[in-house]
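Q: Take this structure, written in structure tokens, and hold onto it; I'll ask about it next.
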Amino acid sequence: MNRTAPPSGTRVPGGSRRFRGPFRRWPRTADAVLAAAMLAATVSLVEGPGDSIVFRPVTDVPVAALLVFAVGCAALYWRRRAPVVCLGVVLAAWAATLGSGYADLGGAALVALYSVGRYAAHGRQGPVGLACAVTVLTVDGLTLSVPWGETAFGAVVMFVDWYVGRRLRLREERAAQLRREQAAEARRIVAEERTHIARELHDVVAHRVSMMTVQAGAARMVAAEDPEGAVDAMAAVEEAGRQALDELRHLLGVLRPDGDRDELGPQPGLADIPLLVEQVREAGLEVSFADGVRAPLPARVELSAYRIVQEALTNVLKHSGPRTRAEVRLSRAESGAAVTVEVVDDGRGARDRPAPGLAQPGVVGHGIVGMRERALLLGGTLHAGPEPRGGFRVAARLPTGGEPA
């Protein structure tokens with residue numbers, strides 16, 4: 001039960017961790033490095049005799065050509081946000097150098113073509129950009145008297161380059177669509193199951209309570225004339241109540257985790273918080289408790305308040321460790337419409353060596369999610385996060401009236 005809510009893309013335990021390279025981890029930095037590397041390669045590397053690659057000193061490149069190279073390669077920095085504009089700038093820079101002997105922006109054009117296939121939102125933009133790139137390549141081949149076979153090979157390379165980017169985008173879109181469909185299907189199944197269970201609970205309760213009402217009414221009517229019959233009727237009421245309780249426990253047990261199916265005793269409330277605080281003190285925490293709630297509360301509010309305090313103190317013990325000072329505060333609004341539950345710790349124990357068995361940082365759990373869900377079901381709110389001076393704070397506002405959310 002970690003202090004951070006699990007992200008939407010939480011990895012399933014035991015599953016393979018997807019590799020994330022620098023272009024995914026640091027996209028802006030990686031694109032800037034890519035643009036600089038392409039500029040250095042465009043300026044310094046040229047085709048030599050026999051299809052070899054030779055080094056060209058920067059001093060051999062005219063200033064005008066250097067400026068054009070810089071503009072064309074700098075456009076690669078925006079290849080994700082504006083891939084079509086990026087390709088247009090690169091092709092314009094390449095076209096500006098045709099016939100000058102410095103038409104060396106073919107590598108930058110390949111990067112821009114891939115980016116159009118990978119990041120362009122509309123599929124029609126890719127073929128148009130590909131046609132423009134092939135046109136510039138053809139004109140370059142004609143000006144240099146390059147054999148048609150080499151020009152055709154370059155066009156095929158450009159097509160494959162764009163197509164690979166496009167296929168990756170389509171695959172990612174299909175995966176996202178599949179995830180949305182699976183999430184929608186899971187929500188539908190949960191909703192159907194909840195409706196089914198609610199119908200069963202309604203039938204059970206309605207049937208048993210109807211029997212209890214009839215039998216209790218019969219007992220009241222004959223109590224004066226036939227006390228023995230009234231006793232029998234009340235015994236039937238008691239038996240019907242027990243059967244209803246057993247059936248409710250059975251149905252609700254289906255919704256409980258296996259480890260919780262034996263926890264069918266009375267639910268805790270605000271009166272049990274002092275005992276909880278004392279148990280946490282015995283575990284090593286310095287806990288103070290301030291109870292500003294005097295009037296009784298609805299059972300569902302007391303249960304949620306107790307569980308939130310219990311979960312918050314458990315997190316303090318697991319993540320900050322012993323010798324941490326914590327405060328539990330309960331207060332009620334002047335209007336009596338809501339109760340505020342606060343659990344604050346100073347995080348002092350976290351600076352010491354963790355105690356054996358404590359949860360390690362980074363283990364994703366559902367503590368915050370569970371506490372927030374309890375508050376939302378009552379129509380309230382919950383905020384949890386680190387304090388500026390250190391430590392952690394959990395604050396929940398629980399309405400005391402109205403229907404649950």
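Following the order of the structure tokens, first chain is A, next is B, and so on, with residues numbered from 1 inside each chain and ligands from 1 in the order they appear.
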Using only C-alpha atoms, which protein or nucleic acid residues come within 8 Å of Val277 (chain A)? Drop anything in the same chain fewer than 2 positions from it, and give the result as a short mmCIF file (atom, residue, chain, number, x, y, z; two decimals) with all heavy atoms, in the first residue's frame.
A:
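Dumped to selection.cif:
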data_model
loop_
_atom_site.label_atom_id
_atom_site.label_comp_id
_atom_site.auth_asym_id
_atom_site.auth_seq_id
_atom_site.Cartn_x
_atom_site.Cartn_y
_atom_site.Cartn_z
N ILE A 273 -11.12 4.05 17.35
CA ILE A 273 -9.89 4.70 16.93
C ILE A 273 -8.87 4.80 18.07
O ILE A 273 -7.67 4.58 17.84
CB ILE A 273 -10.19 6.08 16.31
CG1 ILE A 273 -10.93 5.90 14.98
CG2 ILE A 273 -8.91 6.88 16.09
CD1 ILE A 273 -11.25 7.19 14.25
N PRO A 274 -9.28 5.13 19.31
CA PRO A 274 -8.26 5.15 20.39
C PRO A 274 -7.52 3.83 20.54
O PRO A 274 -6.30 3.81 20.77
CB PRO A 274 -9.09 5.48 21.64
CG PRO A 274 -10.24 6.27 21.11
CD PRO A 274 -10.57 5.66 19.80
N LEU A 275 -8.23 2.70 20.44
CA LEU A 275 -7.56 1.40 20.51
C LEU A 275 -6.60 1.22 19.34
O LEU A 275 -5.48 0.71 19.51
CB LEU A 275 -8.59 0.28 20.53
CG LEU A 275 -8.04 -1.15 20.56
CD1 LEU A 275 -7.16 -1.37 21.79
CD2 LEU A 275 -9.17 -2.16 20.50
N GLN A 279 -2.51 0.64 19.51
CA GLN A 279 -1.81 -0.45 18.84
C GLN A 279 -0.67 0.08 17.98
O GLN A 279 0.41 -0.51 17.92
CB GLN A 279 -2.80 -1.24 17.99
CG GLN A 279 -3.83 -2.01 18.80
CD GLN A 279 -4.89 -2.64 17.92
OE1 GLN A 279 -5.00 -2.33 16.73
NE2 GLN A 279 -5.67 -3.54 18.50
N VAL A 280 -0.88 1.20 17.31
CA VAL A 280 0.17 1.79 16.48
C VAL A 280 1.30 2.32 17.35
O VAL A 280 2.47 2.25 16.98
CB VAL A 280 -0.42 2.88 15.58
CG1 VAL A 280 0.68 3.58 14.79
CG2 VAL A 280 -1.44 2.30 14.62
N ARG A 281 0.96 2.86 18.51
CA ARG A 281 2.01 3.33 19.43
C ARG A 281 2.90 2.16 19.86
O ARG A 281 4.12 2.30 19.97
CB ARG A 281 1.38 3.98 20.65
CG ARG A 281 0.80 5.37 20.39
CD ARG A 281 0.03 5.86 21.59
NE ARG A 281 -0.54 7.19 21.36
CZ ARG A 281 -1.51 7.71 22.10
NH1 ARG A 281 -2.00 7.02 23.14
NH2 ARG A 281 -1.99 8.91 21.82
N VAL A 287 2.10 8.76 18.30
CA VAL A 287 0.83 9.20 17.74
C VAL A 287 0.04 9.97 18.78
O VAL A 287 -0.12 9.51 19.92
CB VAL A 287 -0.01 8.00 17.24
CG1 VAL A 287 -1.25 8.49 16.51
CG2 VAL A 287 0.83 7.12 16.32
N SER A 288 -0.43 11.15 18.37
CA SER A 288 -1.36 11.92 19.20
C SER A 288 -2.73 11.91 18.54
O SER A 288 -2.84 11.89 17.31
CB SER A 288 -0.86 13.36 19.37
OG SER A 288 -0.79 14.02 18.11
N PHE A 289 -3.77 11.92 19.37
CA PHE A 289 -5.13 11.80 18.85
C PHE A 289 -5.98 12.92 19.43
O PHE A 289 -6.05 13.10 20.64
CB PHE A 289 -5.71 10.44 19.22
CG PHE A 289 -7.15 10.26 18.80
CD1 PHE A 289 -7.56 10.58 17.52
CD2 PHE A 289 -8.08 9.77 19.70
CE1 PHE A 289 -8.89 10.41 17.14
CE2 PHE A 289 -9.40 9.59 19.33
CZ PHE A 289 -9.80 9.91 18.04
#
Q: Tell me which protein, DNA and RNA residues are within 10 Å of Met371 (chain A), counting only C-alpha atoms, leaving out same-chain ones fewer than 2 positions away, and put them as an MDAnalysis selection string.
A: chainID A and resid 304:305 307:312 366:369 373:376 381:384 394 396
Q: Find the spatial neighbours of Thr340 (chain A), counting only C-alpha atoms, within a cut-off of 10 Å - ignore same-chain residues fewer than 4 positions away - and output them as an MDAnalysis selection string.
A: chainID A and resid 292:293 305 329:333 380:382 395:399
Q: Compare A:Glu278, A:Glu185, A:Glu286, A:Glu342 by their minimum atom-to-atom distance to Ala326 (chain A), counting only C-alpha atoms, and give me the closest one.
A: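 Of all the options, A:Glu286 lies closest to Ala326 (chain A).
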Q: Give me the residues near Tyr306 (chain A) as a list in words, where near means some atom within 10 Å (using only C-alpha atoms) and where sequence neighbours in that chain fewer than 3 positions away do not count.
A: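 Answer for this query is Gln267, Pro268, Gly269, Leu270, Ala271, Asp272, Ile273, Leu276, Arg300, Val301, Glu302, Leu303, Val309, Gln310, Glu311, Ala312 and Val341 of chain A.
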Q: Save out the residues we just selected, N, CA and C atoms, as an mmCIF file, in the first residue's frame.
A:
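Result file is result.cif:
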data_model
loop_
_atom_site.group_PDB
_atom_site.id
_atom_site.type_symbol
_atom_site.label_atom_id
_atom_site.label_comp_id
_atom_site.auth_asym_id
_atom_site.auth_seq_id
_atom_site.Cartn_x
_atom_site.Cartn_y
_atom_site.Cartn_z
ATOM 1 N N GLN A 267 -18.595 -3.970 12.466
ATOM 2 C CA GLN A 267 -17.659 -3.063 11.812
ATOM 3 C C GLN A 267 -17.194 -2.002 12.802
ATOM 4 N N PRO A 268 -15.933 -1.597 12.733
ATOM 5 C CA PRO A 268 -15.412 -0.600 13.678
ATOM 6 C C PRO A 268 -15.943 0.792 13.375
ATOM 7 N N GLY A 269 -15.829 1.663 14.370
ATOM 8 C CA GLY A 269 -16.265 3.046 14.223
ATOM 9 C C GLY A 269 -15.312 3.988 14.934
ATOM 10 N N LEU A 270 -15.779 5.203 15.184
ATOM 11 C CA LEU A 270 -14.918 6.209 15.810
ATOM 12 C C LEU A 270 -14.508 5.801 17.218
ATOM 13 N N ALA A 271 -15.367 5.056 17.913
ATOM 14 C CA ALA A 271 -15.026 4.643 19.268
ATOM 15 C C ALA A 271 -13.851 3.680 19.300
ATOM 16 N N ASP A 272 -13.534 3.064 18.164
ATOM 17 C CA ASP A 272 -12.425 2.115 18.115
ATOM 18 C C ASP A 272 -11.106 2.769 17.716
ATOM 19 N N ILE A 273 -11.123 4.047 17.352
ATOM 20 C CA ILE A 273 -9.885 4.703 16.930
ATOM 21 C C ILE A 273 -8.871 4.802 18.068
ATOM 22 N N LEU A 276 -7.020 1.657 18.151
ATOM 23 C CA LEU A 276 -6.139 1.586 16.979
ATOM 24 C C LEU A 276 -4.885 2.424 17.199
ATOM 25 N N ARG A 300 -21.992 4.287 8.243
ATOM 26 C CA ARG A 300 -21.114 4.266 7.071
ATOM 27 C C ARG A 300 -20.026 5.331 7.161
ATOM 28 N N VAL A 301 -20.359 6.489 7.794
ATOM 29 C CA VAL A 301 -19.359 7.552 7.943
ATOM 30 C C VAL A 301 -18.308 7.138 8.968
ATOM 31 N N GLU A 302 -18.764 6.556 10.091
ATOM 32 C CA GLU A 302 -17.809 6.113 11.107
ATOM 33 C C GLU A 302 -16.887 5.034 10.562
ATOM 34 N N LEU A 303 -17.430 4.095 9.804
ATOM 35 C CA LEU A 303 -16.602 3.029 9.239
ATOM 36 C C LEU A 303 -15.558 3.593 8.280
ATOM 37 N N VAL A 309 -8.231 6.377 8.731
ATOM 38 C CA VAL A 309 -7.204 6.529 9.761
ATOM 39 C C VAL A 309 -6.321 5.291 9.821
ATOM 40 N N GLN A 310 -6.925 4.124 9.754
ATOM 41 C CA GLN A 310 -6.163 2.878 9.811
ATOM 42 C C GLN A 310 -5.188 2.777 8.642
ATOM 43 N N GLU A 311 -5.657 3.081 7.445
ATOM 44 C CA GLU A 311 -4.794 2.978 6.264
ATOM 45 C C GLU A 311 -3.680 4.018 6.316
ATOM 46 N N ALA A 312 -4.011 5.233 6.738
ATOM 47 C CA ALA A 312 -2.994 6.289 6.788
ATOM 48 C C ALA A 312 -1.914 5.960 7.815
ATOM 49 N N VAL A 341 -11.211 14.328 8.595
ATOM 50 C CA VAL A 341 -10.248 13.366 9.145
ATOM 51 C C VAL A 341 -8.868 13.742 8.617
#
Q: Excluding Phe55 (chain A) and residues on its chain fewer than 5 positions from it, collect all residues at most 12 Å away from it, counting only C-alpha atoms, and give them as a list in words.
A: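 Counting only C-alpha atoms, the residues come to Ala40, Ala41, Thr42, Val43, Ser44, Leu45, Val46, Glu47, Gly48, Asp60 and Val61 of chain A.
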Q: Excluding same-chain residues fewer than 3 positions from Arg325 (chain A), what lies within 10 Å of it counting only C-alpha atoms, as a list of chain:residue names?
A: A:Arg281, A:Gly284, A:Leu285, A:Glu286, A:Val287, A:Ser288, A:Val316, A:Ser320, A:Gly321, A:Pro322, A:Val344, A:Asp345, A:Asp346, A:Gly347, A:Arg348, A:Gly349, A:Gly391
Q: Grab the residues selected above and save them as a short mmCIF file (atom, residue, chain, number, x, y, z; two decimals), in the first residue's frame with N, CA and C atoms.
A:
data_model
loop_
_atom_site.label_atom_id
_atom_site.label_comp_id
_atom_site.auth_asym_id
_atom_site.auth_seq_id
_atom_site.Cartn_x
_atom_site.Cartn_y
_atom_site.Cartn_z
N ARG A 281 0.96 2.86 18.51
CA ARG A 281 2.01 3.33 19.43
C ARG A 281 2.90 2.16 19.86
N GLY A 284 5.70 1.45 17.61
CA GLY A 284 6.85 2.34 17.57
C GLY A 284 6.57 3.75 17.12
N LEU A 285 5.34 4.07 16.73
CA LEU A 285 5.03 5.43 16.31
C LEU A 285 4.64 6.29 17.50
N GLU A 286 4.96 7.58 17.41
CA GLU A 286 4.51 8.54 18.41
C GLU A 286 3.26 9.21 17.85
N VAL A 287 2.10 8.76 18.30
CA VAL A 287 0.83 9.20 17.74
C VAL A 287 0.04 9.97 18.78
N SER A 288 -0.43 11.15 18.37
CA SER A 288 -1.36 11.92 19.20
C SER A 288 -2.73 11.91 18.54
N VAL A 316 2.13 5.28 7.33
CA VAL A 316 3.18 5.96 8.09
C VAL A 316 4.17 4.94 8.63
N SER A 320 7.54 5.47 6.68
CA SER A 320 8.40 6.33 7.50
C SER A 320 9.09 5.55 8.61
N GLY A 321 8.43 4.49 9.07
CA GLY A 321 9.06 3.63 10.06
C GLY A 321 8.85 4.11 11.49
N PRO A 322 9.35 3.35 12.45
CA PRO A 322 9.23 3.75 13.86
C PRO A 322 9.92 5.08 14.13
N VAL A 344 -1.36 13.35 9.87
CA VAL A 344 -0.15 14.05 9.44
C VAL A 344 1.04 13.45 10.18
N ASP A 345 2.12 13.22 9.44
CA ASP A 345 3.35 12.74 10.08
C ASP A 345 4.51 13.63 9.67
N ASP A 346 5.60 13.58 10.45
CA ASP A 346 6.75 14.43 10.17
C ASP A 346 7.80 13.74 9.31
N GLY A 347 7.62 12.45 9.00
CA GLY A 347 8.57 11.74 8.16
C GLY A 347 9.93 11.53 8.76
N ARG A 348 10.05 11.71 10.07
CA ARG A 348 11.37 11.63 10.70
C ARG A 348 11.97 10.24 10.59
N GLY A 349 11.11 9.21 10.75
CA GLY A 349 11.63 7.84 10.70
C GLY A 349 12.15 7.46 9.33
N GLY A 391 7.47 14.92 5.60
CA GLY A 391 6.35 14.16 6.10
C GLY A 391 5.25 14.05 5.06
#
Q: Would you compute the distance between CA of Val68 (chain A) and CA of Tyr163 (chain A)? Give it in Å to one decimal.
A: 27.4 Å
Q: Where in region 64-307 of chain A does DSSP assign helix (DSSP H, G or I), given as number ranges by chain?
A: A: 64-78, 83-96, 106-119, 125-143, 148-222, 227-255, 258-260, 270-282, 299-307
Q: Check the smallest atom-to-atom distance from each of A:Gly370, A:Thr97, A:Val164, A:Arg25 to Thr143 (chain A) using only C-alpha atoms, then report the winner.
A: A:Thr97
Q: Set the distance at 10 Å and use only C-alpha atoms: which residues neighbour Ala152 (chain A) once local chain neighbours fewer than 3 positions away are removed? I'd like the list as a list in words.
A: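 My reading of the contact set: Val134, Leu137, Thr138, Gly141, Pro147, Trp148, Gly149, Ala155, Val156, Val157 and Met158 of chain A.
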Q: Generate a file of the selected residues that holds C-alpha atoms, formatted as a tab-separated table (two decimals), in the first residue's frame.
A:
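So part37.tsv came out as:
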chain	number	residue	atom	x	y	z
A	134	VAL	CA	11.01	11.60	-54.71
A	137	LEU	CA	15.61	13.20	-55.47
A	138	THR	CA	14.89	12.77	-59.18
A	141	GLY	CA	19.85	12.72	-59.94
A	147	PRO	CA	21.97	6.45	-63.34
A	148	TRP	CA	18.25	5.81	-63.21
A	149	GLY	CA	18.82	2.61	-61.27
A	155	ALA	CA	13.02	6.28	-54.19
A	156	VAL	CA	12.39	2.76	-52.85
A	157	VAL	CA	14.44	3.54	-49.75
A	158	MET	CA	12.36	6.67	-49.19
